[in-house]
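File shown here: data-v5.cif, holding mmCIF, C-alpha atoms and all ligand atoms.
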```
data_entry
loop_
_atom_site.label_atom_id
_atom_site.label_comp_id
_atom_site.auth_asym_id
_atom_site.auth_seq_id
_atom_site.Cartn_x
_atom_site.Cartn_y
_atom_site.Cartn_z
CA MET A 1488 16.54 40.42 47.84
CA LYS A 1489 16.69 37.12 49.71
CA ILE A 1490 15.24 37.83 53.17
CA LEU A 1491 15.02 35.35 56.02
CA ILE A 1492 12.25 36.02 58.56
CA THR A 1493 12.41 34.67 62.12
CA GLY A 1494 9.17 34.27 64.08
CA ALA A 1495 7.40 34.09 60.72
CA ASN A 1496 4.19 32.76 62.23
CA GLY A 1497 3.59 35.83 64.40
CA GLN A 1498 1.63 38.98 63.59
CA LEU A 1499 4.46 40.89 61.95
CA GLY A 1500 5.95 37.79 60.35
CA ARG A 1501 2.68 37.07 58.57
CA SER A 1502 2.40 40.66 57.38
CA LEU A 1503 5.91 40.50 55.96
CA LEU A 1504 4.93 37.35 54.04
CA ARG A 1505 1.84 39.10 52.72
CA THR A 1506 3.47 42.38 51.72
CA LEU A 1507 7.08 41.66 50.67
CA THR A 1508 6.04 39.67 47.63
CA ALA A 1509 8.71 41.30 45.44
CA HIS A 1510 11.41 39.57 47.48
CA ASP A 1511 12.62 36.00 47.86
CA LEU A 1512 11.42 35.19 51.37
CA VAL A 1513 12.60 32.42 53.69
CA PRO A 1514 9.96 32.35 56.45
CA LEU A 1515 11.06 30.38 59.52
CA ALA A 1516 8.56 29.84 62.32
CA ARG A 1517 9.63 28.67 65.75
CA ALA A 1518 9.22 25.00 64.70
CA ASN A 1519 11.86 25.55 61.98
CA LEU A 1520 14.16 27.87 63.89
CA ASP A 1521 14.24 28.26 67.65
CA ILE A 1522 16.36 31.34 68.24
CA THR A 1523 17.42 30.15 71.69
CA ASP A 1524 19.52 27.52 69.85
CA ALA A 1525 22.72 29.28 68.73
CA ASP A 1526 23.80 26.40 66.45
CA ALA A 1527 20.40 26.31 64.78
CA CYS A 1528 20.68 30.05 64.03
CA ALA A 1529 24.14 29.57 62.52
CA ARG A 1530 22.93 26.58 60.44
CA ALA A 1531 19.89 28.47 59.14
CA LEU A 1532 22.04 31.37 57.94
CA ASP A 1533 24.63 28.99 56.44
CA GLU A 1534 21.95 27.04 54.62
CA HIS A 1535 19.90 29.93 53.24
CA ARG A 1536 22.57 32.65 52.88
CA PRO A 1537 20.03 35.53 52.89
CA GLN A 1538 21.10 39.10 52.17
CA ALA A 1539 18.96 40.27 55.08
CA VAL A 1540 17.23 38.86 58.15
CA ILE A 1541 14.10 40.43 59.59
CA HIS A 1542 14.12 39.17 63.14
CA CYS A 1543 10.54 39.09 64.46
CA ALA A 1544 10.80 36.13 66.84
CA ALA A 1545 10.20 37.22 70.40
CA LEU A 1546 8.45 36.40 73.63
CA THR A 1547 5.80 39.13 73.45
CA ASP A 1548 3.56 38.03 76.32
CA THR A 1549 4.49 40.76 78.81
CA ASN A 1550 2.87 38.95 81.77
CA ARG A 1551 4.88 35.83 81.04
CA CYS A 1552 8.06 37.90 80.75
CA GLU A 1553 7.33 39.44 84.15
CA GLN A 1554 6.83 36.01 85.72
CA ASP A 1555 9.89 34.51 84.04
CA PRO A 1556 12.46 37.23 83.31
CA ALA A 1557 15.14 34.59 82.67
CA LEU A 1558 13.07 33.16 79.82
CA ALA A 1559 12.43 36.69 78.50
CA ARG A 1560 16.16 37.35 78.45
CA ALA A 1561 16.90 33.93 76.89
CA VAL A 1562 14.55 34.62 73.97
CA ASN A 1563 14.53 38.40 73.50
CA GLY A 1564 18.08 39.11 74.63
CA ILE A 1565 20.34 36.10 74.06
CA GLY A 1566 18.18 34.72 71.22
CA THR A 1567 18.63 38.02 69.38
CA GLU A 1568 22.37 37.81 70.05
CA HIS A 1569 22.42 34.35 68.39
CA VAL A 1570 20.69 35.73 65.32
CA ALA A 1571 23.09 38.69 65.19
CA ARG A 1572 26.18 36.46 65.45
CA ALA A 1573 24.88 34.25 62.63
CA CYS A 1574 24.27 37.35 60.49
CA ALA A 1575 27.77 38.65 61.24
CA ARG A 1576 29.32 35.32 60.13
CA THR A 1577 27.49 35.31 56.82
CA GLY A 1578 27.33 39.05 56.13
CA ALA A 1579 23.52 39.36 56.17
CA ARG A 1580 22.02 42.70 57.17
CA LEU A 1581 19.98 42.36 60.36
CA VAL A 1582 16.72 44.12 61.08
CA ALA A 1583 15.94 43.45 64.74
CA ILE A 1584 12.46 44.48 65.84
CA SER A 1585 12.17 46.20 69.20
CA THR A 1586 9.58 48.17 71.10
CA ASN A 1587 8.36 51.59 72.26
CA GLU A 1588 8.37 50.10 75.75
CA VAL A 1589 12.14 50.56 76.11
CA PHE A 1590 11.27 54.11 77.26
CA ASP A 1591 9.99 54.97 80.74
CA GLY A 1592 7.35 57.40 79.55
CA ALA A 1593 8.56 60.37 81.61
CA GLN A 1594 8.55 62.52 78.46
CA SER A 1595 5.39 64.14 77.14
CA THR A 1596 6.66 64.57 73.58
CA PRO A 1597 7.50 61.80 71.09
CA TYR A 1598 10.74 59.91 71.66
CA VAL A 1599 13.46 60.30 69.04
CA GLU A 1600 15.80 57.42 68.26
CA ASN A 1601 18.67 58.58 70.48
CA ALA A 1602 16.50 59.30 73.54
CA ARG A 1603 17.70 57.40 76.60
CA PRO A 1604 15.88 54.08 77.16
CA ASN A 1605 14.85 53.13 80.69
CA PRO A 1606 12.70 49.98 80.67
CA LEU A 1607 10.05 49.60 83.37
CA ASN A 1608 9.20 45.91 82.92
CA ALA A 1609 10.90 42.58 82.23
CA TYR A 1610 9.72 42.39 78.61
CA ALA A 1611 11.10 45.85 77.82
CA LEU A 1612 14.37 45.12 79.63
CA SER A 1613 14.83 41.91 77.63
CA LYS A 1614 14.08 43.75 74.37
CA LEU A 1615 16.64 46.43 75.23
CA ASP A 1616 19.13 43.63 75.97
CA GLY A 1617 18.41 42.32 72.48
CA GLU A 1618 19.03 45.76 70.95
CA VAL A 1619 22.36 46.18 72.71
CA LEU A 1620 23.56 42.63 72.02
CA ALA A 1621 22.56 42.75 68.35
CA ALA A 1622 24.40 46.03 67.75
CA ALA A 1623 27.45 44.74 69.66
CA ARG A 1624 27.70 41.48 67.70
CA HIS A 1625 26.91 42.78 64.21
CA ALA A 1626 27.73 46.26 62.90
CA ASP A 1627 25.21 46.01 60.07
CA THR A 1628 22.17 45.96 62.36
CA LEU A 1629 19.08 48.10 62.02
CA ILE A 1630 17.07 48.23 65.24
CA VAL A 1631 13.45 48.96 64.37
CA ARG A 1632 11.34 50.05 67.33
CA ALA A 1633 7.62 49.54 66.75
CA SER A 1634 4.55 50.42 68.79
CA TRP A 1635 1.25 48.64 69.65
CA LEU A 1636 1.00 46.26 66.69
CA TYR A 1637 -2.11 44.69 65.23
CA GLY A 1638 -2.21 42.44 62.20
CA ASP A 1639 -4.89 40.95 60.00
CA GLY A 1640 -5.93 37.40 60.84
CA TYR A 1641 -4.61 37.48 64.37
CA VAL A 1642 -6.07 37.77 67.87
CA ASN A 1643 -5.00 41.37 68.34
CA PHE A 1644 -6.27 44.22 70.55
CA ASN A 1645 -8.93 45.14 67.95
CA GLU A 1646 -10.40 41.65 68.04
CA LYS A 1647 -10.18 41.38 71.83
CA VAL A 1648 -12.13 44.62 72.26
CA LEU A 1649 -14.80 43.48 69.80
CA ALA A 1650 -15.06 40.03 71.39
CA ALA A 1651 -15.52 41.60 74.83
CA ALA A 1652 -18.19 43.95 73.42
CA ALA A 1653 -19.99 41.06 71.70
CA GLU A 1654 -20.05 39.08 74.93
CA GLY A 1655 -21.41 42.09 76.83
CA ARG A 1656 -18.40 42.24 79.12
CA PRO A 1657 -17.78 45.67 80.70
CA LEU A 1658 -15.18 47.65 78.74
CA ARG A 1659 -12.74 49.71 80.76
CA PHE A 1660 -9.47 51.12 79.42
CA VAL A 1661 -6.77 53.41 80.74
CA THR A 1662 -6.39 56.98 79.59
CA ASP A 1663 -2.84 57.37 80.89
CA GLU A 1664 -1.04 54.82 78.72
CA ILE A 1665 -0.35 56.58 75.43
CA ALA A 1666 1.43 55.28 72.33
CA THR A 1667 0.47 54.68 68.68
CA PRO A 1668 -1.52 51.72 67.34
CA THR A 1669 0.33 50.49 64.27
CA ALA A 1670 -0.78 48.20 61.45
CA THR A 1671 1.74 45.42 60.88
CA ASP A 1672 1.24 45.73 57.09
CA ASP A 1673 2.32 49.40 57.25
CA LEU A 1674 5.32 48.46 59.38
CA ALA A 1675 6.22 45.61 57.00
CA ARG A 1676 6.20 47.97 54.00
CA ALA A 1677 8.33 50.53 55.85
CA ILE A 1678 10.88 47.87 56.84
CA ALA A 1679 11.07 46.70 53.23
CA THR A 1680 11.67 50.28 52.10
CA LEU A 1681 14.49 50.68 54.64
CA LEU A 1682 16.18 47.59 53.19
CA GLU A 1683 15.50 48.56 49.57
CA HIS A 1684 16.99 52.03 50.18
CA GLY A 1685 20.08 50.53 51.82
CA ALA A 1686 19.38 52.52 54.99
CA PRO A 1687 22.45 52.86 57.21
CA PRO A 1688 22.66 50.78 60.40
CA GLY A 1689 21.32 52.20 63.66
CA ILE A 1690 18.02 52.73 65.42
CA TYR A 1691 14.82 53.53 63.52
CA HIS A 1692 11.44 54.31 65.01
CA LEU A 1693 8.56 53.11 62.82
CA SER A 1694 4.99 53.60 64.00
CA ASN A 1695 1.84 54.92 62.41
CA GLY A 1696 1.31 58.67 62.88
CA GLY A 1697 -0.43 60.37 65.80
CA GLU A 1698 -1.01 59.09 69.31
CA ALA A 1699 -3.76 57.49 71.36
CA SER A 1700 -4.48 56.16 74.82
CA ARG A 1701 -5.72 52.58 75.20
CA HIS A 1702 -9.13 54.15 75.82
CA ASP A 1703 -8.96 56.24 72.60
CA TRP A 1704 -7.98 53.10 70.66
CA ALA A 1705 -10.86 51.05 72.05
CA VAL A 1706 -13.37 53.85 71.31
CA GLU A 1707 -12.12 54.12 67.72
CA ILE A 1708 -12.32 50.34 67.23
CA LEU A 1709 -15.95 50.30 68.35
CA HIS A 1710 -16.73 53.32 66.16
CA LEU A 1711 -15.23 51.70 63.05
CA ALA A 1712 -16.94 48.40 63.80
CA GLY A 1713 -20.31 50.18 63.98
CA ARG A 1714 -20.64 49.61 67.71
CA SER A 1715 -20.33 53.18 68.98
CA ASP A 1716 -23.26 52.56 71.28
CA THR A 1717 -21.10 50.28 73.44
CA PRO A 1718 -20.13 52.08 76.66
CA VAL A 1719 -16.39 52.30 77.30
CA GLU A 1720 -15.36 53.38 80.77
CA SER A 1721 -12.15 55.37 81.16
CA ILE A 1722 -9.90 54.68 84.11
CA THR A 1723 -6.43 55.67 85.27
CA THR A 1724 -3.70 53.11 85.82
CA ALA A 1725 -3.65 53.96 89.54
CA ASP A 1726 -7.39 53.30 89.82
CA LEU A 1727 -6.98 50.07 87.85
CA ARG A 1728 -4.28 48.88 90.24
CA ALA A 1729 -6.51 49.80 93.18
CA THR A 1730 -9.00 47.24 91.84
CA GLY A 1731 -6.35 44.51 92.12
CA TYR A 1732 -4.76 44.62 88.66
CA THR A 1733 -1.16 43.42 88.96
CA GLY A 1734 0.09 43.51 85.34
CA PRO A 1735 3.53 44.82 84.37
CA GLN A 1736 4.27 48.50 84.74
CA LYS A 1737 3.89 50.33 81.41
CA PRO A 1738 5.31 53.66 80.26
CA PRO A 1739 2.56 56.30 80.50
CA TYR A 1740 3.78 57.89 77.29
CA SER A 1741 5.87 56.05 74.67
CA VAL A 1742 4.98 57.69 71.37
CA LEU A 1743 7.80 57.28 68.85
CA ALA A 1744 9.07 60.05 66.56
CA ASN A 1745 10.04 58.39 63.27
CA THR A 1746 12.79 60.94 62.76
CA ARG A 1747 15.41 58.85 60.95
CA ALA A 1748 12.92 57.15 58.64
CA ALA A 1749 11.36 60.52 57.76
CA ALA A 1750 14.81 61.80 56.78
CA LEU A 1751 14.92 58.94 54.25
CA GLY A 1752 11.49 59.90 52.91
CA ILE A 1753 9.67 57.06 54.72
CA THR A 1754 6.45 58.19 56.37
CA LEU A 1755 3.58 56.16 57.80
CA ARG A 1756 -0.03 57.29 57.69
CA ASP A 1757 -2.07 58.33 60.73
CA TRP A 1758 -3.11 55.43 62.98
CA ARG A 1759 -6.82 56.17 62.45
CA ASP A 1760 -6.47 55.80 58.66
CA ALA A 1761 -4.66 52.48 59.02
CA LEU A 1762 -7.25 51.23 61.49
CA LYS A 1763 -10.07 52.27 59.15
CA GLU A 1764 -8.51 50.18 56.38
CA TYR A 1765 -8.31 47.21 58.76
CA PHE A 1766 -12.03 47.51 59.38
CA ASP A 1767 -12.87 48.14 55.70
CA TYR A 1768 -11.26 44.81 54.88
CA ARG A 1769 -12.75 43.13 57.91
CA GLU A 1770 -16.26 44.27 56.97
CA THR A 1771 -16.08 43.38 53.28
CA GLY A 1772 -13.98 40.27 53.57
CA ASN A 1773 -12.00 41.53 50.56
CA GLY A 1774 -8.81 42.21 52.46
CA ALA A 1775 -5.63 40.25 52.00
CA GLN A 1776 -6.04 37.10 54.01
CA ALA A 1777 -3.35 36.00 56.40
CA PRO A 1778 -1.30 33.28 54.77
CA PRO A 1779 -1.54 29.82 56.29
CA PRO A 1780 0.79 29.11 59.18
CA VAL A 1781 4.31 28.23 58.10
N1 LIG B 1801 2.81 43.16 69.49
C1 LIG B 1801 3.12 44.42 69.77
O1 LIG B 1801 2.26 45.22 70.15
C2 LIG B 1801 4.54 44.91 69.58
C3 LIG B 1801 4.83 46.26 69.82
C4 LIG B 1801 6.14 46.72 69.62
C5 LIG B 1801 7.12 45.84 69.22
N2 LIG B 1801 6.81 44.51 69.03
C6 LIG B 1801 7.89 43.62 68.59
O2 LIG B 1801 7.61 43.28 67.24
C7 LIG B 1801 8.10 41.96 66.97
C8 LIG B 1801 6.99 41.13 66.36
O3 LIG B 1801 5.90 41.11 67.28
P1 LIG B 1801 4.56 40.33 66.97
O4 LIG B 1801 3.44 41.14 67.49
O5 LIG B 1801 4.56 39.85 65.57
O6 LIG B 1801 4.76 39.09 67.98
P2 LIG B 1801 4.06 37.68 67.94
O7 LIG B 1801 2.82 37.72 67.14
O8 LIG B 1801 4.00 37.24 69.37
O9 LIG B 1801 5.13 36.80 67.15
C9 LIG B 1801 6.33 36.42 67.71
C10 LIG B 1801 6.67 35.06 67.15
O10 LIG B 1801 7.92 34.66 67.71
C11 LIG B 1801 7.82 33.29 67.96
N3 LIG B 1801 8.78 32.84 68.97
C12 LIG B 1801 8.68 32.90 70.32
N4 LIG B 1801 9.76 32.34 70.88
C13 LIG B 1801 10.55 31.91 69.87
C14 LIG B 1801 11.78 31.24 69.81
N5 LIG B 1801 12.45 30.88 70.91
N6 LIG B 1801 12.31 30.96 68.60
C15 LIG B 1801 11.66 31.31 67.46
N7 LIG B 1801 10.47 31.92 67.45
C16 LIG B 1801 9.92 32.23 68.65
C17 LIG B 1801 6.41 33.06 68.42
O11 LIG B 1801 6.07 31.72 68.24
P3 LIG B 1801 5.02 31.01 69.24
O12 LIG B 1801 3.71 31.67 68.94
O13 LIG B 1801 5.11 29.59 68.86
O14 LIG B 1801 5.49 31.31 70.62
C18 LIG B 1801 5.64 33.99 67.48
O15 LIG B 1801 5.22 33.33 66.32
C19 LIG B 1801 8.65 41.43 68.29
O16 LIG B 1801 10.04 41.67 68.33
C20 LIG B 1801 7.96 42.29 69.32
O17 LIG B 1801 8.74 42.38 70.51
C21 LIG B 1801 5.55 44.04 69.20
#
```
Kindly return the structure encoded in the file as structure tokens.
Ligand SMILES: NC(=O)c1ccc[n+]([C@@H]2O[C@H](COP(=O)([O-])OP(=O)(O)OC[C@H]3O[C@@H](n4cnc5c(N)ncnc54)[C@H](OP(=O)(O)O)[C@@H]3O)[C@@H](O)[C@H]2O)c1
Amino acid sequence: MKILITGANGQLGRSLLRTLTAHDLVPLARANLDITDADACARALDEHRPQAVIHCAALTDTNRCEQDPALARAVNGIGTEHVARACARTGARLVAISTNEVFDGAQSTPYVENARPNPLNAYALSKLDGEVLAAARHADTLIVRASWLYGDGYVNFNEKVLAAAAEGRPLRFVTDEIATPTATDDLARAIATLLEHGAPPGIYHLSNGGEASRHDWAVEILHLAGRSDTPVESITTADLRATGYTGPQKPPYSVLANTRAAALGITLRDWRDALKEYFDYRETGNGAQAPPPV
């Protein structure tokens, strides 16, 4: 299948390049395709005529989105609309990547695909805009909601925790923000399977199995990196805010139930198993290396 990838230089984009080797990939980083440019999106689809587009380009810095919601909407909302319109013109299937953060976290059980979104921050609102606009502009759209991504060869949460530990900085993570850490390679394979199986349009949740708080994740990272002796303080979001933290509001619970993918026989392993593999590769240096920037 000929598959065009937007945001190909990001975490998920690089994983798609690494794992979808059976397909004819057209990786476009921001320098080659800025999704805020509607004409550029149309030209890219006209030129390459892919059968599918995996749309990874996004403004993912949640603090920046909070400070500049208009920019968040321009990239994550309207930019996604541009990609969807270009796909509709050329008949390419669209896989638009979205987020667990579209939910408000009031539930205490995993969110199924048709649960009602209610974004709490500007990033999540702009991503939900993107979902709605994509589906409105192009009927053959698969919205894939992912959760807490980390990818090989990237400055992800795993590496940030380890860097802080190495520098002896105090480690303190919340226990009341719960979702599922997900390996971008696992997500990339699941997305490929959706396309290969000709999955019907609609919303799909794709995260690794199980659930964890930020604190659980950090503790597991240190364990797998052989640094279990590093103290990790647990804190609640309210206590964190009392210390002056002013970051965007996050859903306390945004675990995804991969119901529709499971019905197609697509399951993802438990997050701890995926994280262990990340560290196995990291320790031995034998893991697939991130491809050079495109
Ligand atoms: N990271 C997570 O934990 C997480 C969780 C759930 C869902 N998601 C979603 O998963 C998708 C992939 O995330 P990721 O972690 O791979 O993000 P990422 O590493 O931040 O990659 C996003 C890429 O999009 C590019 N980009 C930004 N603005 C653009 C524009 N106007 N035109 C074209 N490209 C642009 C960025 O380029 P620059 O670096 O040059 O800005 C970056 O390479 C996104 O839709 C994200 O919202 C992420």
Padded axis-aligned box of ligand LIG 1801 (chain B) (3 Å per side), centre and edge lengths, Å, one decimal, as JSON:
```
{"center_x": 7.4, "center_y": 38.2, "center_z": 68.2, "size_x": 16.2, "size_y": 23.1, "size_z": 11.3}
```
Ligand LIG 1801 (chain B) proximity check over A:Lys1489, A:His1625, A:His1542, A:Arg1530, using all atoms listed in the file: winner is A:His1542
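If only C-alpha atoms are the atoms counted, then among A:Ala1525, A:Pro1735, A:Tyr1637, A:His1569 the closest residue to Arg1551 in chain A is A:Pro1735.
Closest approach to Ala1516 in chain A among A:Ala1626, A:Leu1503, A:Ile1492, A:Ala1529: A:Ile1492, based on all atoms listed in the file.
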Neighbour residues at most 8 Å from (16.0, 36.7, 66.8) (all atoms listed in the file) as number ranges by chain: A: 1493-1494, 1522, 1542-1545, 1562-1563, 1566-1571, 1583
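Based on all atoms listed in the file, the protein and nucleic acid residues found within 6 Å of ligand LIG 1801 (chain B) are, by chain and then by number, A:Gly1494, A:Asn1496, A:Gly1497, A:Gln1498, A:Leu1499, A:Gly1500, A:Ala1516, A:Arg1517, A:Leu1520, A:Asp1521, A:Ile1522, A:Thr1523, A:Cys1543, A:Ala1544, A:Ala1545, A:Leu1546, A:Thr1547, A:Val1562, A:Ile1584, A:Ser1585, A:Thr1586, A:Asn1587, A:Ala1633, A:Ser1634, A:Trp1635, A:Leu1636.
A straight line drawn from CA of Asn1608 in chain A to CA of Ala1557 in chain A is 12.8 Å long.
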Residue nearest Leu1629 in chain A among A:Leu1532, A:Ile1753, A:Ala1539, A:Val1706 (counting all atoms listed in the file): A:Ala1539
